[in-house]
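Raw final.csv, CSV, C-alpha atoms:
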chain,number,residue,atom,x,y,z
A,1,GLY,CA,-43.1,-80.8,165.8
A,2,GLY,CA,-46.4,-79.3,166.8
A,3,GLY,CA,-47.4,-75.7,167.3
A,4,GLY,CA,-47.8,-75.8,171.1
A,5,ARG,CA,-46.2,-73.2,173.3
A,6,HIS,CA,-45.6,-73.4,177.1
A,7,GLY,CA,-47.1,-70.6,179.1
A,8,LYS,CA,-50.3,-69.1,180.5
A,9,THR,CA,-53.7,-69.6,178.8
A,10,LEU,CA,-54.0,-67.6,175.6
A,11,ARG,CA,-56.4,-64.6,175.6
A,12,ARG,CA,-59.6,-65.1,173.7
A,13,GLY,CA,-59.2,-64.6,170.0
A,14,ILE,CA,-55.4,-65.3,170.0
A,15,CYS,CA,-54.3,-68.3,168.0
A,16,VAL,CA,-51.3,-70.6,168.7
A,17,GLY,CA,-48.4,-69.8,166.4
A,18,PRO,CA,-47.6,-72.2,163.5
A,19,ALA,CA,-45.0,-74.8,164.0
A,20,GLU,CA,-41.4,-74.1,163.0
A,21,SER,CA,-39.9,-75.7,159.9
A,22,PRO,CA,-38.4,-79.1,160.6
A,23,ILE,CA,-34.6,-79.2,161.1
A,24,GLU,CA,-33.0,-80.7,158.1
A,25,SER,CA,-29.5,-81.2,159.6
A,26,VAL,CA,-28.1,-81.2,163.1
A,27,GLY,CA,-24.5,-81.6,162.0
A,28,ILE,CA,-22.4,-84.5,160.9
A,29,PRO,CA,-24.2,-87.9,160.4
A,30,ALA,CA,-23.7,-90.6,162.9
A,31,PRO,CA,-20.7,-92.7,162.1
A,32,GLU,CA,-21.0,-96.2,160.8
A,33,PRO,CA,-19.7,-99.0,163.0
A,34,GLN,CA,-16.1,-100.0,162.5
A,35,ARG,CA,-15.7,-103.0,160.3
A,36,THR,CA,-13.0,-104.3,162.7
A,37,MET,CA,-13.4,-103.6,166.4
A,38,SER,CA,-11.0,-104.5,169.2
A,39,VAL,CA,-13.0,-106.1,172.0
A,40,ASN,CA,-10.9,-105.6,175.1
A,41,SER,CA,-11.6,-105.7,178.8
A,42,GLU,CA,-13.7,-102.5,178.8
A,43,LYS,CA,-17.4,-102.9,179.6
A,44,LYS,CA,-19.8,-102.8,176.7
A,45,HIS,CA,-23.3,-101.4,177.3
A,46,LEU,CA,-24.7,-103.3,174.3
A,47,ILE,CA,-27.4,-100.7,173.7
A,48,ASP,CA,-26.7,-101.1,170.0
A,49,ASN,CA,-24.9,-103.7,167.8
A,50,TRP,CA,-21.6,-102.0,167.4
A,51,ALA,CA,-19.7,-104.7,169.3
A,52,VAL,CA,-22.0,-107.6,168.2
A,53,GLU,CA,-21.0,-109.5,165.1
A,54,GLU,CA,-24.1,-111.6,165.0
A,55,GLN,CA,-27.0,-112.6,167.2
A,56,GLN,CA,-29.7,-115.3,167.2
A,57,ASN,CA,-32.9,-115.7,169.3
A,58,ILE,CA,-32.1,-112.7,171.4
A,59,ASN,CA,-34.5,-109.7,172.1
A,60,ARG,CA,-33.1,-106.5,173.5
A,61,THR,CA,-35.4,-105.2,176.2
A,62,PHE,CA,-35.2,-101.8,178.0
A,63,HIS,CA,-36.6,-101.9,181.5
A,64,ARG,CA,-38.3,-99.0,183.2
A,65,PRO,CA,-36.1,-97.5,186.0
A,66,THR,CA,-37.4,-97.2,189.5
A,67,ASN,CA,-36.7,-94.5,192.2
A,68,HIS,CA,-34.4,-95.5,195.1
A,69,PRO,CA,-36.4,-95.6,198.3
A,70,ASP,CA,-33.9,-93.3,200.1
A,71,ASN,CA,-34.4,-90.4,197.6
A,72,ALA,CA,-33.4,-87.7,197.8
A,73,ILE,CA,-30.0,-89.1,198.6
A,74,VAL,CA,-28.3,-85.7,198.6
A,75,LYS,CA,-30.4,-83.0,200.4
A,76,ALA,CA,-30.0,-79.2,200.8
A,77,ASP,CA,-29.1,-79.3,204.5
A,78,ARG,CA,-26.3,-76.7,204.8
A,79,PRO,CA,-26.7,-72.9,205.4
A,80,TRP,CA,-25.2,-72.2,201.9
A,81,GLU,CA,-27.6,-74.7,200.2
A,82,HIS,CA,-31.1,-73.3,199.4
A,83,ALA,CA,-31.6,-75.8,196.6
A,84,LEU,CA,-29.4,-78.4,194.9
A,85,TYR,CA,-29.1,-79.3,191.2
A,86,LEU,CA,-27.0,-82.2,189.9
A,87,LEU,CA,-25.8,-80.2,186.9
A,88,GLY,CA,-22.1,-81.1,187.5
A,89,GLY,CA,-20.7,-84.6,187.2
A,90,VAL,CA,-20.2,-88.0,188.8
A,91,GLU,CA,-16.8,-89.7,189.2
A,92,LYS,CA,-15.9,-93.2,190.5
A,93,GLN,CA,-12.3,-93.1,191.6
A,94,ARG,CA,-9.8,-96.0,191.4
A,95,ASN,CA,-10.2,-96.6,195.2
A,96,GLY,CA,-13.9,-97.1,194.7
A,97,THR,CA,-15.0,-93.7,196.2
A,98,HIS,CA,-17.6,-91.8,194.3
A,99,ARG,CA,-17.5,-88.0,194.0
A,100,ILE,CA,-20.2,-85.6,192.7
A,101,TRP,CA,-20.1,-81.9,192.0
A,102,TYR,CA,-23.4,-80.2,192.2
A,103,HIS,CA,-24.9,-76.7,191.8
A,104,ALA,CA,-26.0,-75.2,195.1
A,105,ALA,CA,-28.4,-72.3,194.9
A,106,ASP,CA,-27.5,-69.8,197.7
A,107,PRO,CA,-29.8,-66.7,197.5
A,108,THR,CA,-28.2,-64.9,200.5
A,109,PRO,CA,-26.9,-61.4,200.6
A,110,GLY,CA,-23.3,-62.5,201.1
A,111,ASN,CA,-23.2,-64.4,197.7
A,112,ARG,CA,-23.6,-61.9,194.9
A,113,LYS,CA,-24.1,-64.6,192.3
A,114,ASN,CA,-26.4,-66.7,194.4
A,115,ALA,CA,-24.7,-70.0,193.6
A,116,ALA,CA,-21.7,-72.2,194.4
A,117,THR,CA,-20.3,-75.5,193.3
A,118,CYS,CA,-20.0,-78.1,196.0
A,119,MET,CA,-18.6,-81.6,196.3
A,120,ALA,CA,-19.9,-84.7,198.1
A,121,THR,CA,-18.3,-88.2,198.4
A,122,SER,CA,-19.7,-91.7,198.8
A,123,PRO,CA,-18.5,-95.2,199.2
A,124,ASP,CA,-21.4,-96.7,197.3
A,125,GLY,CA,-23.1,-94.0,195.3
A,126,ILE,CA,-26.1,-94.0,197.7
A,127,HIS,CA,-24.9,-92.7,201.1
A,128,TRP,CA,-23.2,-89.3,200.7
A,129,ASP,CA,-21.0,-87.2,202.9
A,130,LYS,CA,-20.2,-83.5,202.5
A,131,PRO,CA,-16.5,-83.2,203.5
A,132,SER,CA,-15.1,-80.1,205.2
A,133,LEU,CA,-12.6,-78.9,202.6
A,134,GLY,CA,-11.7,-75.5,204.1
A,135,LEU,CA,-11.2,-73.9,200.7
A,136,TYR,CA,-13.5,-70.9,201.1
A,137,GLY,CA,-14.8,-68.9,204.0
A,138,VAL,CA,-18.6,-68.7,204.3
A,139,ARG,CA,-20.3,-66.7,207.0
A,140,GLY,CA,-17.0,-66.5,208.8
A,141,ARG,CA,-16.2,-70.2,208.8
A,142,ARG,CA,-14.2,-72.5,206.4
A,143,GLU,CA,-15.9,-75.8,207.4
A,144,ASN,CA,-17.8,-76.4,204.2
A,145,ASN,CA,-17.7,-78.5,201.0
A,146,ILE,CA,-17.5,-75.6,198.5
A,147,VAL,CA,-15.0,-76.0,195.6
A,148,ILE,CA,-16.0,-73.0,193.5
A,149,LEU,CA,-17.5,-69.9,195.2
A,150,GLU,CA,-20.0,-67.7,193.5
A,151,GLN,CA,-20.2,-70.0,190.4
A,152,GLY,CA,-22.6,-72.9,190.1
A,153,SER,CA,-21.4,-75.6,187.8
A,154,TYR,CA,-23.6,-76.7,184.9
A,155,SER,CA,-21.2,-79.3,183.4
A,156,ILE,CA,-18.1,-81.2,184.8
A,157,ILE,CA,-15.9,-82.9,182.3
A,158,LEU,CA,-13.5,-85.6,183.5
A,159,ASN,CA,-10.6,-86.4,181.1
A,160,PRO,CA,-7.7,-88.1,182.9
A,161,ASN,CA,-6.0,-88.5,179.5
A,162,ASP,CA,-5.5,-84.8,179.0
A,163,PRO,CA,-1.7,-84.3,178.8
A,164,ARG,CA,-2.1,-81.0,180.7
A,165,PRO,CA,-2.3,-81.9,184.4
A,166,GLU,CA,-4.1,-78.7,185.3
A,167,PHE,CA,-6.8,-79.6,182.7
A,168,ARG,CA,-7.7,-83.1,184.0
A,169,TYR,CA,-11.1,-81.7,185.3
A,170,LYS,CA,-13.1,-79.0,183.5
A,171,ALA,CA,-16.2,-77.1,184.4
A,172,HIS,CA,-18.6,-74.8,182.7
A,173,CYS,CA,-20.5,-72.2,184.7
A,174,ARG,CA,-23.2,-69.8,183.6
A,175,TRP,CA,-22.8,-66.2,184.6
A,176,ILE,CA,-23.3,-63.5,181.9
A,177,GLY,CA,-22.2,-66.0,179.2
A,178,THR,CA,-20.4,-69.3,179.6
A,179,LYS,CA,-17.3,-69.3,181.8
A,180,GLY,CA,-14.8,-72.1,182.0
A,181,TRP,CA,-12.9,-73.5,185.0
A,182,ILE,CA,-10.1,-76.1,185.1
A,183,SER,CA,-8.6,-78.2,187.9
A,184,PRO,CA,-5.9,-80.9,188.4
A,185,ASP,CA,-7.8,-82.7,191.2
A,186,GLY,CA,-11.4,-81.6,191.1
A,187,LEU,CA,-10.9,-79.6,194.3
A,188,HIS,CA,-8.7,-76.6,193.4
A,189,TRP,CA,-10.2,-74.7,190.4
A,190,THR,CA,-8.9,-71.9,188.2
A,191,PRO,CA,-11.1,-69.8,185.8
A,192,THR,CA,-10.1,-69.9,182.2
A,193,GLY,CA,-12.3,-67.0,181.0
A,194,VAL,CA,-15.3,-66.8,178.6
A,195,LEU,CA,-16.1,-69.9,176.5
A,196,SER,CA,-19.1,-68.3,174.9
A,197,ASN,CA,-20.8,-64.9,175.2
A,198,GLN,CA,-24.2,-66.7,175.2
A,199,SER,CA,-25.6,-69.1,177.8
A,200,LEU,CA,-29.0,-69.7,179.2
A,201,ASP,CA,-30.2,-72.4,181.6
A,202,ALA,CA,-30.3,-75.5,179.3
A,203,SER,CA,-26.6,-75.4,178.1
A,204,SER,CA,-24.1,-78.2,178.4
A,205,PHE,CA,-20.4,-78.9,177.5
A,206,HIS,CA,-18.8,-82.4,177.2
A,207,TYR,CA,-15.9,-84.2,175.6
A,208,ASP,CA,-16.2,-86.4,172.5
A,209,PRO,CA,-13.4,-89.0,172.8
A,210,VAL,CA,-14.1,-90.3,169.2
A,211,ARG,CA,-13.4,-87.0,167.6
A,212,ASP,CA,-11.1,-85.7,170.4
A,213,LEU,CA,-13.2,-82.5,170.7
A,214,TYR,CA,-14.8,-80.5,173.5
A,215,ILE,CA,-18.4,-79.7,172.4
A,216,GLY,CA,-20.8,-77.1,173.7
A,217,THR,CA,-24.5,-76.9,173.0
A,218,ILE,CA,-25.9,-73.6,174.2
A,219,LYS,CA,-29.4,-72.2,174.7
A,220,MET,CA,-29.5,-68.7,173.4
A,221,SER,CA,-32.1,-65.9,173.1
A,222,ILE,CA,-32.2,-64.0,169.8
A,223,GLY,CA,-35.0,-61.6,169.0
A,224,ASN,CA,-37.0,-62.7,172.1
A,225,ARG,CA,-37.0,-66.3,170.8
A,226,ARG,CA,-35.0,-69.3,172.1
A,227,HIS,CA,-32.4,-70.9,169.8
A,228,ARG,CA,-29.8,-73.6,170.1
A,229,GLY,CA,-26.1,-72.9,169.4
A,230,TYR,CA,-23.2,-75.1,168.9
A,231,THR,CA,-19.5,-74.6,169.5
A,232,GLU,CA,-16.4,-76.9,169.6
A,233,SER,CA,-12.8,-76.7,170.7
A,234,LYS,CA,-9.6,-78.8,170.7
A,235,ASP,CA,-8.2,-77.4,173.9
A,236,PHE,CA,-11.1,-76.0,175.9
A,237,ILE,CA,-9.7,-72.5,175.5
A,238,ARG,CA,-10.3,-71.5,171.8
A,239,TRP,CA,-13.9,-72.1,170.7
A,240,SER,CA,-15.6,-71.9,167.3
A,241,ASP,CA,-18.6,-69.7,166.7
Take the structure in the file and write it out as structure tokens.
Amino acid sequence: GGGGRHGKTLRRGICVGPAESPIESVGIPAPEPQRTMSVNSEKKHLIDNWAVEEQQNINRTFHRPTNHPDNAIVKADRPWEHALYLLGGVEKQRNGTHRIWYHAADPTPGNRKNAATCMATSPDGIHWDKPSLGLYGVRGRRENNIVILEQGSYSIILNPNDPRPEFRYKAHCRWIGTKGWISPDGLHWTPTGVLSNQSLDASSFHYDPVRDLYIGTIKMSIGNRRHRGYTESKDFIRWSD
């Protein structure tokens, strides 16, 4: 809410710009808890009182997280990995194996978009392996863990309940706009085209299971200023403006 701006020191005699007007509305209001809720075998986080009918002599305490001593648990240690960003997603499969998709920056002449989406697996979420998938050739060899070449993922959406098998996994990648990708297994990906003509670095897409909607929140540049855009879709193909 203040008038601060990030950047270099202002020149003498230059004032900081005034604060923007406060945002009056960010969309629909948060829904009220259901009057009747089915408490089944699914885990409840209990970060709010939605699933609590009443409570007595209980204080909710949020503890400060601590870094794992083995950090960084996934390192840029492959020729096609200059830097790593966990902008993708994390999945725990039914057999207990964890999978992550991550954005690998690859500023080499052979990769014209300087990025790739890679996958790693782990039995416990701490010790990770980079499997040799053989899906793409890089530097004349196919022994790598790349699942999308020349596109670094910024969001991975896992929706096993999607009735379309080829849409079980979805990704959004940023390259001259926002591009969509779909996959039946998280390994073999197919592009779906442009989700939005805009997209800067701080953009994300996710699935809202309550409203059964795919939602995109997009960072845009309009008139040399940064803005936040919103879009939604029922099928991940046709998006509102």
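Note that atom CA of A:Asp70 and atom CA of A:Lys130 are 17.0 Å apart.
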From A:Pro165, A:Gly186, A:Pro65, A:Pro31, residue lying nearest A:Thr117 [only C-alpha atoms]:
A:Gly186
Between atom CA of A:Trp50 and atom CA of A:Ile28, what is the distance in Å, rounded to a tenth?
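A separation of 18.7 Å between them.
Put simply, atom CA of A:Gly140 is 16.2 Å away from atom CA of A:Ala116.
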Find the residues near A:Asn159: any atom within 12 Å, counting all atoms listed in the file, skip ones fewer than 2 places away on the same chain, and give them as an MDAnalysis selection string.
chainID A and resid 89 91 156:157 161:171 182:186 206:209 212:214 235:236
Counting all atoms listed in the file, which of A:Pro79, A:Gly27, A:Gly180, A:Gly223 gets nearest to A:Phe205?
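Under the stated criterion, the closest residue is A:Gly180.
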Near-A:Thr217 list (10 Å; all atoms listed in the file; drop same-chain fewer than 5 positions) as a ChimeraX atom specification
/A:199,202-206,228-232
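Counting all atoms listed in the file, the residue from A:Asp106, A:Ser132, A:Met119, A:Ile58 that sits nearest to A:Val147 is A:Met119.
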Counting all atoms listed in the file, the option among A:Gln151, A:Ser196, A:Ser221, A:Asn67 closest to A:Arg238:
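Answer, going by the shortest atom-to-atom distance: A:Ser196.
Compared by their closest atoms to A:Cys173, and using all atoms listed in the file, the residues A:Trp80, A:Trp128, A:Tyr136, A:Tyr154 rank with A:Tyr154 nearest.
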For A:Ile176, work out the shell of residues within 9 Å, counting only C-alpha atoms and skipping chain neighbours fewer than 6 positions away, then give it as a PyMOL selection string.
chain A and resi 197-200
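Using only C-alpha atoms, the shortest contact distance between A:Asn71 and any of A:Met37, A:Ile146, A:Val90, A:Ile126 is found at A:Ile126.
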Excluding same-chain residues fewer than 6 positions from A:Thr36, what lies within 12 Å of it counting only C-alpha atoms, as a VMD selection string?
chain A and resid 50 to 53
